[in-house]
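The block underneath contains the structure these notes are about, expressed in structure tokens.
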Amino acid sequence: MKQPVSEGARGARSRQLRIIAGQWRGRRWRFPPGEIRPTGDRVRETLFNWLQGRISGRRCLDLYAGAGALGLEALSRGAAHCVFVDRDRQAIDNLRKLLLEWQAPAAAAQCLQSEAARFLAGSAQPFDLVFLDPPFMAGALEAAIAQLESRGWLHSGSLVYIERPRNAPLPPLPASWKPLCNGTAGAVGYDLLERL
């Protein structure tokens, strides 16, 4: 007879993600409870299909990292380095522990507990690929876009991935940002852009 699944077990399963491809393909990990809203498998698969051939050797920024799904997937697929930034101490501690368990080279990743705006106000070294998946709250996306553009975090050819509520249009973008691809899944809209 099938045993009923407890709420605790169901909750633990719902907080589990897996790497889709690359050196860590099939690895699963749990992320801590709280307000983390990770990018699901279907959206990640679409995004990384768009990025095919444009990840290997690249420097990435996973801003609002949360569970780290985007940055971890990029590292698994050959990104040279990823900076994970999140304001939640537990999320960042969890990512540090996971990267150690998966034996990621020390030079491949940096995990920082910080508000996104505070991090972007610091000294900039341009990234090749930036993942922007902020909490769905007013103004967060617009502020991050403005800082990325104005403070030198991007170079010509940098790619920026954005997640937003499905029914919310993209905020106004800098003139140098060119839309490449977009899609929707459930309540989420997502876009890939290139800085010219």
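By order of appearance in the structure tokens: chains A, B, ..., then residues from 1 within every chain, and ligands from 1 in the order shown.
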
Considering only C-alpha atoms, return as a JSON list (two decimals) with C-alpha atoms, in the first residue's frame whatever protein or nucleic-acid residues lie within 10 Å of region 42-50 of chain A, sequence-local ones (same chain, fewer than 2 positions apart) excluded.
```json
[["chain", "number", "residue", "atom", "x", "y", "z"],
["A", 19, "ILE", "CA", 21.75, 20.36, -13.29],
["A", 20, "ILE", "CA", 20.59, 19.75, -16.86],
["A", 21, "ALA", "CA", 23.89, 19.40, -18.77],
["A", 38, "PRO", "CA", 14.53, 29.38, -8.59],
["A", 39, "THR", "CA", 14.51, 29.21, -12.38],
["A", 40, "GLY", "CA", 12.87, 25.90, -13.27],
["A", 52, "GLN", "CA", 24.82, 27.39, -26.81],
["A", 53, "GLY", "CA", 28.40, 28.14, -27.83],
["A", 54, "ARG", "CA", 28.48, 31.36, -25.79],
["A", 55, "ILE", "CA", 29.24, 30.03, -22.29],
["A", 69, "ALA", "CA", 20.48, 27.45, -10.50],
["A", 70, "LEU", "CA", 21.60, 29.76, -13.32],
["A", 73, "GLU", "CA", 24.30, 25.52, -14.75],
["A", 74, "ALA", "CA", 26.70, 27.97, -16.43],
["A", 77, "ARG", "CA", 28.62, 23.98, -19.01],
["A", 161, "TYR", "CA", 19.23, 37.34, -19.09],
["A", 163, "GLU", "CA", 13.24, 37.07, -15.59],
["A", 180, "LEU", "CA", 17.73, 38.51, -28.87],
["A", 181, "CYS", "CA", 15.14, 36.00, -27.61],
["A", 182, "ASN", "CA", 12.15, 35.86, -25.27],
["A", 183, "GLY", "CA", 9.70, 33.33, -23.92],
["A", 184, "THR", "CA", 7.10, 32.61, -21.26],
["A", 185, "ALA", "CA", 6.46, 29.69, -18.92],
["A", 186, "GLY", "CA", 3.71, 29.71, -16.31],
["A", 188, "VAL", "CA", 7.25, 33.94, -15.76],
["A", 189, "GLY", "CA", 8.44, 35.92, -18.76],
["A", 190, "TYR", "CA", 12.12, 35.73, -19.71],
["A", 191, "ASP", "CA", 14.37, 37.57, -22.14],
["A", 192, "LEU", "CA", 17.92, 37.38, -23.44]]
```

Running DSSP on the backbone, which parts of region 125-179 of chain A land in strand (DSSP E), as a ChimeraX atom specification? /A:127-132,154-165,177-179

Contacts of Trp102 (chain A) within 10 Å, only C-alpha atoms, excl. fewer than 5 positions in-chain, as a PyMOL selection string: chain A and resi 24+27+97

Atomic distance CA of Arg96 (chain A) - CA of Leu61 (chain A), expressed in Å with one decimal: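 The value is 15.3 Å.
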
Counting only C-alpha atoms, what is within 9 Å of Ala116 (chain A), bar same-chain residues fewer than 4 positions away, as number ranges by chain? A: 63-64, 85-87, 120-121, 134, 140, 144

Go ahead and dump the residues you just picked, N, CA and C atoms, as an mmCIF file, in the first residue's frame.
```cif
data_model
loop_
_atom_site.group_PDB
_atom_site.id
_atom_site.type_symbol
_atom_site.label_atom_id
_atom_site.label_comp_id
_atom_site.auth_asym_id
_atom_site.auth_seq_id
_atom_site.Cartn_x
_atom_site.Cartn_y
_atom_site.Cartn_z
ATOM 1 N N LEU A 63 23.239 37.566 -10.228
ATOM 2 C CA LEU A 63 22.735 38.542 -9.269
ATOM 3 C C LEU A 63 21.387 38.050 -8.767
ATOM 4 N N TYR A 64 21.072 38.260 -7.500
ATOM 5 C CA TYR A 64 19.870 37.665 -6.879
ATOM 6 C C TYR A 64 19.951 36.148 -7.029
ATOM 7 N N VAL A 85 25.650 36.464 -6.058
ATOM 8 C CA VAL A 85 25.328 37.535 -5.120
ATOM 9 C C VAL A 85 23.896 37.362 -4.644
ATOM 10 N N ASP A 86 23.702 37.365 -3.340
ATOM 11 C CA ASP A 86 22.354 37.320 -2.776
ATOM 12 C C ASP A 86 22.372 37.962 -1.403
ATOM 13 N N ARG A 87 21.274 38.557 -1.010
ATOM 14 C CA ARG A 87 21.215 39.210 0.305
ATOM 15 C C ARG A 87 20.995 38.210 1.428
ATOM 16 N N LEU A 120 26.467 46.346 -6.957
ATOM 17 C CA LEU A 120 26.631 47.055 -8.228
ATOM 18 C C LEU A 120 27.200 48.462 -8.053
ATOM 19 N N ALA A 121 27.144 48.988 -6.836
ATOM 20 C CA ALA A 121 27.733 50.299 -6.565
ATOM 21 C C ALA A 121 29.243 50.212 -6.374
ATOM 22 N N PRO A 134 15.475 39.084 -10.271
ATOM 23 C CA PRO A 134 15.203 39.708 -8.971
ATOM 24 C C PRO A 134 13.859 39.271 -8.410
ATOM 25 N N ALA A 140 13.005 46.828 -8.717
ATOM 26 C CA ALA A 140 14.266 46.082 -8.566
ATOM 27 C C ALA A 140 14.957 45.886 -9.912
ATOM 28 N N ALA A 144 18.591 47.617 -11.212
ATOM 29 C CA ALA A 144 19.739 46.774 -11.572
ATOM 30 C C ALA A 144 20.198 47.050 -12.995
#
```

So that I can see what lies close to Phe31 (chain A), please list as an MDAnalysis selection string the residues with an atom at most 9 Å from it, counting only C-alpha atoms and leaving out residues fewer than 4 positions away in the same chain. chainID A and resid 12 15:17 36 66:68 91 94:95

Just to be explicit: take each residue in the selection above, keep N, CA and C atoms, and write the result as an mmCIF file, in the first residue's frame.
```cif
data_model
loop_
_atom_site.group_PDB
_atom_site.id
_atom_site.type_symbol
_atom_site.label_atom_id
_atom_site.label_comp_id
_atom_site.auth_asym_id
_atom_site.auth_seq_id
_atom_site.Cartn_x
_atom_site.Cartn_y
_atom_site.Cartn_z
ATOM 1 N N ALA A 12 10.442 19.251 0.988
ATOM 2 C CA ALA A 12 11.855 19.038 0.687
ATOM 3 C C ALA A 12 12.042 18.739 -0.798
ATOM 4 N N ARG A 15 11.856 21.740 -3.036
ATOM 5 C CA ARG A 15 13.015 22.627 -2.945
ATOM 6 C C ARG A 15 14.261 21.958 -3.538
ATOM 7 N N GLN A 16 14.054 21.037 -4.464
ATOM 8 C CA GLN A 16 15.165 20.318 -5.062
ATOM 9 C C GLN A 16 15.286 20.687 -6.544
ATOM 10 N N LEU A 17 16.527 20.882 -6.994
ATOM 11 C CA LEU A 17 16.798 21.214 -8.393
ATOM 12 C C LEU A 17 17.838 20.246 -8.932
ATOM 13 N N ILE A 36 12.973 32.063 -1.833
ATOM 14 C CA ILE A 36 13.723 31.749 -3.054
ATOM 15 C C ILE A 36 12.773 31.197 -4.114
ATOM 16 N N GLY A 66 19.908 33.389 -5.159
ATOM 17 C CA GLY A 66 18.965 32.451 -4.547
ATOM 18 C C GLY A 66 19.543 31.051 -4.483
ATOM 19 N N ALA A 67 18.896 30.099 -5.170
ATOM 20 C CA ALA A 67 19.359 28.714 -5.191
ATOM 21 C C ALA A 67 20.597 28.522 -6.054
ATOM 22 N N GLY A 68 20.945 29.523 -6.866
ATOM 23 C CA GLY A 68 22.144 29.432 -7.699
ATOM 24 C C GLY A 68 21.977 28.637 -8.971
ATOM 25 N N ALA A 91 21.217 31.346 1.881
ATOM 26 C CA ALA A 91 21.358 30.972 0.467
ATOM 27 C C ALA A 91 22.827 30.967 0.050
ATOM 28 N N ASN A 94 24.719 28.099 1.669
ATOM 29 C CA ASN A 94 24.336 26.860 1.000
ATOM 30 C C ASN A 94 25.112 26.694 -0.314
ATOM 31 N N LEU A 95 25.264 27.785 -1.074
ATOM 32 C CA LEU A 95 26.006 27.727 -2.331
ATOM 33 C C LEU A 95 27.490 27.435 -2.090
#
```

Residue contacts of Lys178 (chain A) (7 Å, only C-alpha atoms) excluding same-chain residues fewer than 3 positions away, as a PyMOL selection string: chain A and resi 193-196

For Pro33 (chain A), which of A:Asp88, A:His155, A:Met137, A:Cys82 is the closest residue, counting only C-alpha atoms?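 Once distances to Pro33 (chain A) are computed over only C-alpha atoms, the minimum belongs to A:Asp88.
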
Nearest to Leu75 (chain A), chosen from A:Ala107, A:Gly22, A:Gly122, A:Leu100, with only C-alpha atoms counted in the distances: A:Gly22
